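Peer 1: Here it is, the structure, as structure tokens.
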Protein chains: 4
Amino acid sequence: MSKVRIEAFSDAVIAVAITLLALDLHVPTAGGSGLAHKLGTQWPNYAAYVVSFVTIGIIWINHHAMLRRLVSVDHTVLILNLILLLTIGVIPFSTALMARYLTASQGENLAAVVYGGSLLLMAMSFLALQRHLLLRKTHLLEEHLTTTMRRAVLRRNAAGVLPYVLATAGGIVTPYLTLAICAAIAVFYALPATTSDA
Amino acid sequence: MSKVRIEAFSDAVIAVAITLLALDLHVPTAGGSGLAHKLGTQWPNYAAYVVSFVTIGIIWINHHAMLRRLVSVDHTVLILNLILLLTIGVIPFSTALMARYLTASQGENLAAVVYGGSLLLMAMSFLALQRHLLLRKTHLLEEHLTTTMRRAVLRRNAAGVLPYVLATAGGIVTPYLTLAICAAIAVFYALPATTSDA
Amino acid sequence: MSKVRIEAFSDAVIAVAITLLALDLHVPTAGGSGLAHKLGTQWPNYAAYVVSFVTIGIIWINHHAMLRRLVSVDHTVLILNLILLLTIGVIPFSTALMARYLTASQGENLAAVVYGGSLLLMAMSFLALQRHLLLRKTHLLEEHLTTTMRRAVLRRNAAGVLPYVLATAGGIVTPYLTLAICAAIAVFYALPATTSDA
Amino acid sequence: MSKVRIEAFSDAVIAVAITLLALDLHVPTAGGSGLAHKLGTQWPNYAAYVVSFVTIGIIWINHHAMLRRLVSVDHTVLILNLILLLTIGVIPFSTALMARYLTASQGENLAAVVYGGSLLLMAMSFLALQRHLLLRKTHLLEEHLTTTMRRAVLRRNAAGVLPYVLATAGGIVTPYLTLAICAAIAVFYALPATTSDA
């Protein structure tokens with residue numbers, strides 16, 4: 001199978017998921033306290049929107065870089081990619097959960113663990129697909145990468161999973177730690193030259 | 001008409017439908033019982049999300065394999081494909097219905113029959129399109145398939161409809177049977193080498 | 001400008017609109033009267049879903065046929081196409097309005113007029129774009145069509161607007177007339193050989 | 001990296017955002033005052049839908065023109081484009097906010113400033129990406145543009161930001177001023193020959 005349609009389908013799923021994030025920005029009902037106050041109390045939603053948007057965006061960039069090396073895809077690649085998309089599809093939900101509970105006095109730790117855990121799951125699904133391609137199905141690759149190069153890519157990918165473990169565990173302490181770590185990861189990968197060969 | 005745009009349109013519709021599934025993962029309102037309990041009672045939604053996501057994903061993979069053989073499309077192909085997409089568009093609704101009624105004491109059998117029935121309808125629409133291509137419009141195919149090969153593909157496709165008949169009928173007994181059969185079908189097709197030439 | 005991206009963008013907008021139609025299929029809340037009864041009272045939603053889905057699908061097929069003739073697009077084509085997409089984006093709303101009021105004792109005529117009117121608007125936007133291409137910007141066309149052929153296409157397109165005028169006006173009598181006419185139009189265009197050169 | 005997938009992803013995100021605008025067209029509940037009256041009070045939603053739809057549509061057209069000049073993209077282009085998409089994703093929210101508060105007696109000025117501000121942010125993100133391409137990464141461009149030509153494009157783009165500053169500031173006076181200016185900008189760019197080389 002050619003890789004054109006797996007790219008098109010993945011692009012579309014990721015694009016829908018990233019745009020559905022904005023459905024969690026709520027328009028306050030009129031009346032009662034001032035609009036400024038109502039919009040102000042929604043700051044966790046804005047913060048979570050930006051962090052999740054950039055996170056999904058970076059996964060999309062890395063997904064690109066991964067598929068660029070491929071010549072064709074097999075059934076396992078399609079299924080592993082489907083599982084990756086399944087975890088991306090969950091992120092609007094976990095983002096909305098995080099945003100609603102961030103400033104709550106109850107359930108905030110669990111919400112943060114679910115949020116961090118959903119990003120961790122996405123990173124692990126990405127790693128599983130990358131490992132499949134670089135270790136087992138090297139004949140699907142466009143260019144011959146040396147074992148050293150392939151290991152370097154995988155090491156970087158595996159290293160990318162660790163911060164999400166911290167972010168998830170950090171939710172046990174305070175949800176702000178989870179959000180801060182996820183924001184830091186997003187900024188780190190958005191900076192020049194860090195994902196160029198993810 | 002070239003097949004590029006029918007692929008692009010189908011990819012987009014399937015991608016939107018698969019991502020809309022996550023809209024049925026609800027963020028619990030704060031207060032009252034603990035968040036863990038609230039999230040826990042939503043397990044039918046998580047189960048239904050995974051089963052429907054993988055099911056739609058596999059239909060997408062098979063759709064791929066079907067269109068890959070085509071050189072061009074005619075009006076009947078477009079209309080049959082539209083009907084297939086119409087049935088896929090219904091799945092987020094039937095999935096949400098199934099999830100809400102799975103553990104209910106009333107209406108759970110009907111909800112399961114509707115869910116199984118919607119997947120059955122999708123499988124039958126797929127088969128109708130496949131039959132049209134392999135039996136009537138063989139001149140649209142890229143490569144010449146022998147009658148034996150075409151019949152083998154159709155037999156496999158027809159066989160794929162049967163489990164959904166069971167899943168639908170199983171809903172009369174208990175909705176858990178419907179969900180279990182649909183999950184088993186999804187796992188079966190996700191395993192290597194089973195859909196490679198669907 | 002090449003026509004590839006206008007196709008991709010139009011495909012995506014139409015695909016999202018056609019899939020959003022299913023958001024108007026509501027999952028009944030548990031409790032009270034039986035689920036069968038609750039689902040049964042939603043029949044206007046199912047009918048409206050099918051009619052609007054096929055209608056948008058056919059517009060997509062015709063849009064295809066229209067763009068297939070083009071070599072490149074100019075600014076006016078982009079704007080007229082944008083207006084067409086704007087009218088398609090409204091259809092999930094007018095469909096939901098029609099479905100909710102079809103069996104109501106008040107407002108049902110207006111709802112039907114709005115529904116028929118939204119499809120009429122779509123058909124007129126399509127005609128405006130087609131006229132622009134076939135009468136004024138013939139140099140954008142891939143193949144040279146004779147004046148006779150171009151007039152024949154336009155006549156068929158203009159004739160396609162008339163039934164929607166009837167459907168809209170029919171809403172004044174009863175909303176069932178609007179729905180019946182729109183369903184008949186959808187079936188007519190779905191039959192073989194009628195839209196092959198729209 | 002090739003520019004094909006950045007086009008496909010951007011097209012999809014913009015298409016989803018532009019279609020989600022229609023989710024703010026609400027179907028009135030039956031009963032009470034007449035449907036005509038209920039639909040009539042929603043006129044700010046219709047006005048905001050049209051203005052935002054055309055505005056996003058024009059950004060899409062300009063995005064096209066911008067990417068058409070590119071041969072390939074680098075990491076900074078991907079990130080700046082992601083930020084542009086993030087601002088576009090916010091527009092359905094700010095449009096719904098504007099529509100709900102336009103005729104309110106409280107919060108209407110702030111809602112207008114947020115709406116104008118979201119469009120301003122989009123225009124500024126667009127300008128940032130354009131500046132990056134035309135001033136710093138000229139080697140990514142398909143054709144060699146002279147310094148004079150590049151400055152002319154940038155001047156036009158920078159000039160395009162100013163009206164949104166006015167629209168945002170105008171919200172302090174009255175939200176109608178914001179909506180009127182945004183509508184005027186949309187009409188201006190929709191007229192022939194003004195965005196042909198944006």
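In the structure tokens, each chain is lettered A, B, ... as it comes, each chain's residues begin at 1, and ligands are numbered from 1 in order of appearance.
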For chain B, list the residues within 12 Å of chain D, counting only C-alpha atoms, and write the list as a list in words.
Peer 2: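 That gives the following set of residues: Ala8, Phe9, Asp11, Ala12, Val13, Ala15, Val16, Thr19 and Leu20 of chain B.
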Peer 1: Using only C-alpha atoms, which residues sit within 10 Å of stretch 22-35 of chain B once same-chain residues fewer than 6 positions away are excluded, as an mmCIF file with N, CA and C atoms, in the first residue's frame?
Peer 2:
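Saved as around-v6.cif:
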data_model
loop_
_atom_site.group_PDB
_atom_site.id
_atom_site.type_symbol
_atom_site.label_atom_id
_atom_site.label_comp_id
_atom_site.auth_asym_id
_atom_site.auth_seq_id
_atom_site.Cartn_x
_atom_site.Cartn_y
_atom_site.Cartn_z
ATOM 1 N N ALA A 17 -9.059 16.496 15.608
ATOM 2 C CA ALA A 17 -8.827 16.452 17.057
ATOM 3 C C ALA A 17 -8.296 17.792 17.560
ATOM 4 N N LEU A 20 -11.098 20.346 17.531
ATOM 5 C CA LEU A 20 -12.146 20.090 18.527
ATOM 6 C C LEU A 20 -11.732 20.580 19.915
ATOM 7 N N LEU A 23 -13.642 23.415 21.323
ATOM 8 C CA LEU A 23 -15.017 23.232 21.817
ATOM 9 C C LEU A 23 -15.065 23.360 23.333
ATOM 10 N N LEU A 86 -6.012 6.816 17.816
ATOM 11 C CA LEU A 86 -6.994 6.610 18.894
ATOM 12 C C LEU A 86 -6.582 7.396 20.135
ATOM 13 N N ILE A 88 -4.668 10.060 20.181
ATOM 14 C CA ILE A 88 -4.783 11.497 19.874
ATOM 15 C C ILE A 88 -6.242 11.937 19.980
ATOM 16 N N GLY A 89 -7.153 11.062 19.553
ATOM 17 C CA GLY A 89 -8.582 11.382 19.617
ATOM 18 C C GLY A 89 -9.092 11.583 21.028
ATOM 19 N N VAL A 90 -8.388 10.998 22.004
ATOM 20 C CA VAL A 90 -8.793 11.108 23.409
ATOM 21 C C VAL A 90 -8.395 12.459 24.006
ATOM 22 N N ILE A 91 -7.402 13.131 23.403
ATOM 23 C CA ILE A 91 -6.812 14.319 24.034
ATOM 24 C C ILE A 91 -7.810 15.477 24.238
ATOM 25 N N PRO A 92 -8.738 15.751 23.301
ATOM 26 C CA PRO A 92 -9.720 16.798 23.620
ATOM 27 C C PRO A 92 -10.490 16.492 24.910
ATOM 28 N N PHE A 93 -10.797 15.210 25.149
ATOM 29 C CA PHE A 93 -11.486 14.833 26.389
ATOM 30 C C PHE A 93 -10.602 15.059 27.609
ATOM 31 N N SER A 94 -9.365 14.535 27.577
ATOM 32 C CA SER A 94 -8.512 14.645 28.762
ATOM 33 C C SER A 94 -8.121 16.105 29.016
ATOM 34 N N THR A 95 -8.041 16.898 27.932
ATOM 35 C CA THR A 95 -7.740 18.327 28.081
ATOM 36 C C THR A 95 -8.891 19.039 28.790
ATOM 37 N N ALA A 96 -10.125 18.722 28.381
ATOM 38 C CA ALA A 96 -11.299 19.342 28.999
ATOM 39 C C ALA A 96 -11.411 18.915 30.459
ATOM 40 N N LEU A 97 -11.073 17.654 30.746
ATOM 41 C CA LEU A 97 -11.110 17.152 32.126
ATOM 42 C C LEU A 97 -10.110 17.929 32.984
ATOM 43 N N MET A 98 -8.897 18.056 32.478
ATOM 44 C CA MET A 98 -7.828 18.781 33.174
ATOM 45 C C MET A 98 -8.250 20.227 33.441
ATOM 46 N N ALA A 99 -8.819 20.873 32.402
ATOM 47 C CA ALA A 99 -9.190 22.282 32.518
ATOM 48 C C ALA A 99 -10.274 22.473 33.576
ATOM 49 N N ARG A 100 -11.248 21.552 33.622
ATOM 50 C CA ARG A 100 -12.341 21.729 34.573
ATOM 51 C C ARG A 100 -11.899 21.499 36.022
ATOM 52 N N TYR A 101 -10.945 20.585 36.205
ATOM 53 C CA TYR A 101 -10.581 20.213 37.574
ATOM 54 C C TYR A 101 -9.316 20.901 38.089
ATOM 55 N N ALA A 104 -10.093 22.912 40.984
ATOM 56 C CA ALA A 104 -11.073 22.326 41.899
ATOM 57 C C ALA A 104 -10.381 21.843 43.173
ATOM 58 N N SER A 105 -11.152 21.668 44.225
ATOM 59 C CA SER A 105 -10.564 21.235 45.493
ATOM 60 C C SER A 105 -10.634 19.719 45.642
ATOM 61 N N GLN A 106 -11.249 19.053 44.668
ATOM 62 C CA GLN A 106 -11.438 17.610 44.734
ATOM 63 C C GLN A 106 -11.294 17.022 43.327
ATOM 64 N N GLY A 107 -10.554 15.947 43.200
ATOM 65 C CA GLY A 107 -10.418 15.282 41.919
ATOM 66 C C GLY A 107 -9.350 15.883 41.023
ATOM 67 N N GLU A 108 -8.699 16.964 41.488
ATOM 68 C CA GLU A 108 -7.738 17.662 40.624
ATOM 69 C C GLU A 108 -6.513 16.806 40.345
ATOM 70 N N ASN A 109 -6.101 15.992 41.340
ATOM 71 C CA ASN A 109 -4.928 15.142 41.119
ATOM 72 C C ASN A 109 -5.211 14.050 40.090
ATOM 73 N N LEU A 110 -6.374 13.428 40.212
ATOM 74 C CA LEU A 110 -6.729 12.373 39.263
ATOM 75 C C LEU A 110 -6.870 12.939 37.847
ATOM 76 N N ALA A 111 -7.509 14.105 37.736
ATOM 77 C CA ALA A 111 -7.667 14.722 36.419
ATOM 78 C C ALA A 111 -6.313 14.980 35.768
ATOM 79 N N THR B 41 -17.781 4.973 36.308
ATOM 80 C CA THR B 41 -19.108 4.588 35.807
ATOM 81 C C THR B 41 -19.217 4.816 34.296
ATOM 82 N N GLN B 42 -18.235 5.539 33.748
ATOM 83 C CA GLN B 42 -18.251 5.794 32.299
ATOM 84 C C GLN B 42 -17.580 4.673 31.512
ATOM 85 N N TRP B 43 -17.252 3.541 32.155
ATOM 86 C CA TRP B 43 -16.479 2.529 31.417
ATOM 87 C C TRP B 43 -17.171 2.053 30.132
ATOM 88 N N PRO B 44 -18.514 2.010 30.068
ATOM 89 C CA PRO B 44 -19.090 1.607 28.774
ATOM 90 C C PRO B 44 -18.712 2.579 27.649
ATOM 91 N N ASN B 45 -18.571 3.867 28.005
ATOM 92 C CA ASN B 45 -18.178 4.845 26.988
ATOM 93 C C ASN B 45 -16.762 4.587 26.486
ATOM 94 N N TYR B 46 -15.854 4.241 27.410
ATOM 95 C CA TYR B 46 -14.472 3.965 26.987
ATOM 96 C C TYR B 46 -14.432 2.709 26.114
ATOM 97 N N ALA B 48 -16.869 1.342 24.368
ATOM 98 C CA ALA B 48 -17.523 1.580 23.086
ATOM 99 C C ALA B 48 -16.655 2.458 22.183
ATOM 100 N N TYR B 49 -15.943 3.422 22.797
ATOM 101 C CA TYR B 49 -15.038 4.284 22.016
ATOM 102 C C TYR B 49 -13.967 3.453 21.325
ATOM 103 N N VAL B 50 -13.321 2.572 22.082
ATOM 104 C CA VAL B 50 -12.225 1.767 21.525
ATOM 105 C C VAL B 50 -12.753 0.824 20.436
ATOM 106 N N PHE B 53 -13.842 2.873 17.379
ATOM 107 C CA PHE B 53 -12.682 3.498 16.732
ATOM 108 C C PHE B 53 -11.935 2.477 15.876
ATOM 109 N N PRO B 92 -21.076 7.220 15.330
ATOM 110 C CA PRO B 92 -20.934 7.953 16.608
ATOM 111 C C PRO B 92 -22.249 7.983 17.394
ATOM 112 N N PHE B 93 -23.386 8.103 16.700
ATOM 113 C CA PHE B 93 -24.685 8.094 17.374
ATOM 114 C C PHE B 93 -24.983 6.727 17.990
ATOM 115 N N THR B 95 -22.970 4.387 18.733
ATOM 116 C CA THR B 95 -21.995 4.090 19.780
ATOM 117 C C THR B 95 -22.394 4.770 21.093
ATOM 118 N N ALA B 96 -22.804 6.033 20.994
ATOM 119 C CA ALA B 96 -23.216 6.767 22.196
ATOM 120 C C ALA B 96 -24.472 6.142 22.802
ATOM 121 N N LEU B 97 -25.382 5.683 21.938
ATOM 122 C CA LEU B 97 -26.613 5.031 22.401
ATOM 123 C C LEU B 97 -26.263 3.751 23.171
ATOM 124 N N ALA B 99 -23.406 2.983 24.585
ATOM 125 C CA ALA B 99 -22.666 3.295 25.821
ATOM 126 C C ALA B 99 -23.626 3.723 26.929
ATOM 127 N N ARG B 100 -24.631 4.538 26.586
ATOM 128 C CA ARG B 100 -25.537 5.029 27.621
ATOM 129 C C ARG B 100 -26.442 3.928 28.167
ATOM 130 N N LEU C 23 -24.796 14.844 14.290
ATOM 131 C CA LEU C 23 -24.883 15.404 15.644
ATOM 132 C C LEU C 23 -26.334 15.664 16.033
#
Peer 1: In Å, rounded to a single decimal, give me how far atom CA of A:Lys137 is from atom CA of D:Val73.
Peer 2: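 Going from atom CA of D:Val73 over to atom CA of A:Lys137 covers 27.7 Å.
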Peer 1: Which neighbours of D:Leu78 fall inside 9 Å, counting only C-alpha atoms, when residues of the same chain fewer than 2 positions from it are skipped, and could you give them as number ranges by chain?
Peer 2: A: 57-58, 61; D: 6, 73-76, 80-83
Peer 1: Save out the residues we just selected, N, CA and C atoms, as a PDB file, in the first residue's frame.
Peer 2:
ATOM      1  N   GLY A  57       0.166  19.401  17.705  1.00  0.00           N
ATOM      2  CA  GLY A  57       0.844  19.939  16.525  1.00  0.00           C
ATOM      3  C   GLY A  57       2.239  19.356  16.364  1.00  0.00           C
ATOM      4  N   ILE A  58       2.947  19.198  17.476  1.00  0.00           N
ATOM      5  CA  ILE A  58       4.312  18.669  17.402  1.00  0.00           C
ATOM      6  C   ILE A  58       4.291  17.178  17.071  1.00  0.00           C
ATOM      7  N   ILE A  61       4.009  17.043  13.465  1.00  0.00           N
ATOM      8  CA  ILE A  61       5.297  17.309  12.801  1.00  0.00           C
ATOM      9  C   ILE A  61       6.179  16.059  12.855  1.00  0.00           C
TER      10      ILE A  61
ATOM     11  N   ILE D   6       2.026  20.019   4.805  1.00  0.00           N
ATOM     12  CA  ILE D   6       1.672  21.221   5.575  1.00  0.00           C
ATOM     13  C   ILE D   6       0.434  21.870   4.939  1.00  0.00           C
ATOM     14  N   VAL D  73       9.809  23.449   3.470  1.00  0.00           N
ATOM     15  CA  VAL D  73       9.556  24.133   4.738  1.00  0.00           C
ATOM     16  C   VAL D  73      10.568  23.682   5.775  1.00  0.00           C
ATOM     17  N   ASP D  74      10.868  24.562   6.740  1.00  0.00           N
ATOM     18  CA  ASP D  74      11.754  24.169   7.829  1.00  0.00           C
ATOM     19  C   ASP D  74      10.969  24.144   9.139  1.00  0.00           C
ATOM     20  N   HIS D  75      11.643  23.831  10.227  1.00  0.00           N
ATOM     21  CA  HIS D  75      10.972  23.674  11.521  1.00  0.00           C
ATOM     22  C   HIS D  75      10.266  24.963  11.958  1.00  0.00           C
ATOM     23  N   THR D  76      10.926  26.103  11.753  1.00  0.00           N
ATOM     24  CA  THR D  76      10.320  27.374  12.182  1.00  0.00           C
ATOM     25  C   THR D  76       9.036  27.656  11.408  1.00  0.00           C
ATOM     26  N   LEU D  80       5.519  28.312  13.249  1.00  0.00           N
ATOM     27  CA  LEU D  80       4.774  29.560  13.018  1.00  0.00           C
ATOM     28  C   LEU D  80       3.417  29.260  12.379  1.00  0.00           C
ATOM     29  N   ASN D  81       3.395  28.268  11.490  1.00  0.00           N
ATOM     30  CA  ASN D  81       2.126  27.875  10.863  1.00  0.00           C
ATOM     31  C   ASN D  81       1.185  27.262  11.911  1.00  0.00           C
ATOM     32  N   LEU D  82       1.758  26.501  12.837  1.00  0.00           N
ATOM     33  CA  LEU D  82       0.959  25.898  13.913  1.00  0.00           C
ATOM     34  C   LEU D  82       0.323  26.991  14.777  1.00  0.00           C
ATOM     35  N   ILE D  83       1.095  28.035  15.062  1.00  0.00           N
ATOM     36  CA  ILE D  83       0.563  29.151  15.867  1.00  0.00           C
ATOM     37  C   ILE D  83      -0.559  29.857  15.098  1.00  0.00           C
TER      38      ILE D  83
END
Peer 1: Counting only C-alpha atoms, which residue out of C:Ala128, C:Ala186, C:Leu135, C:Ala65 sits closest to C:Thr147?
Peer 2: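 For C:Thr147, the nearest of the given residues is C:Leu135.
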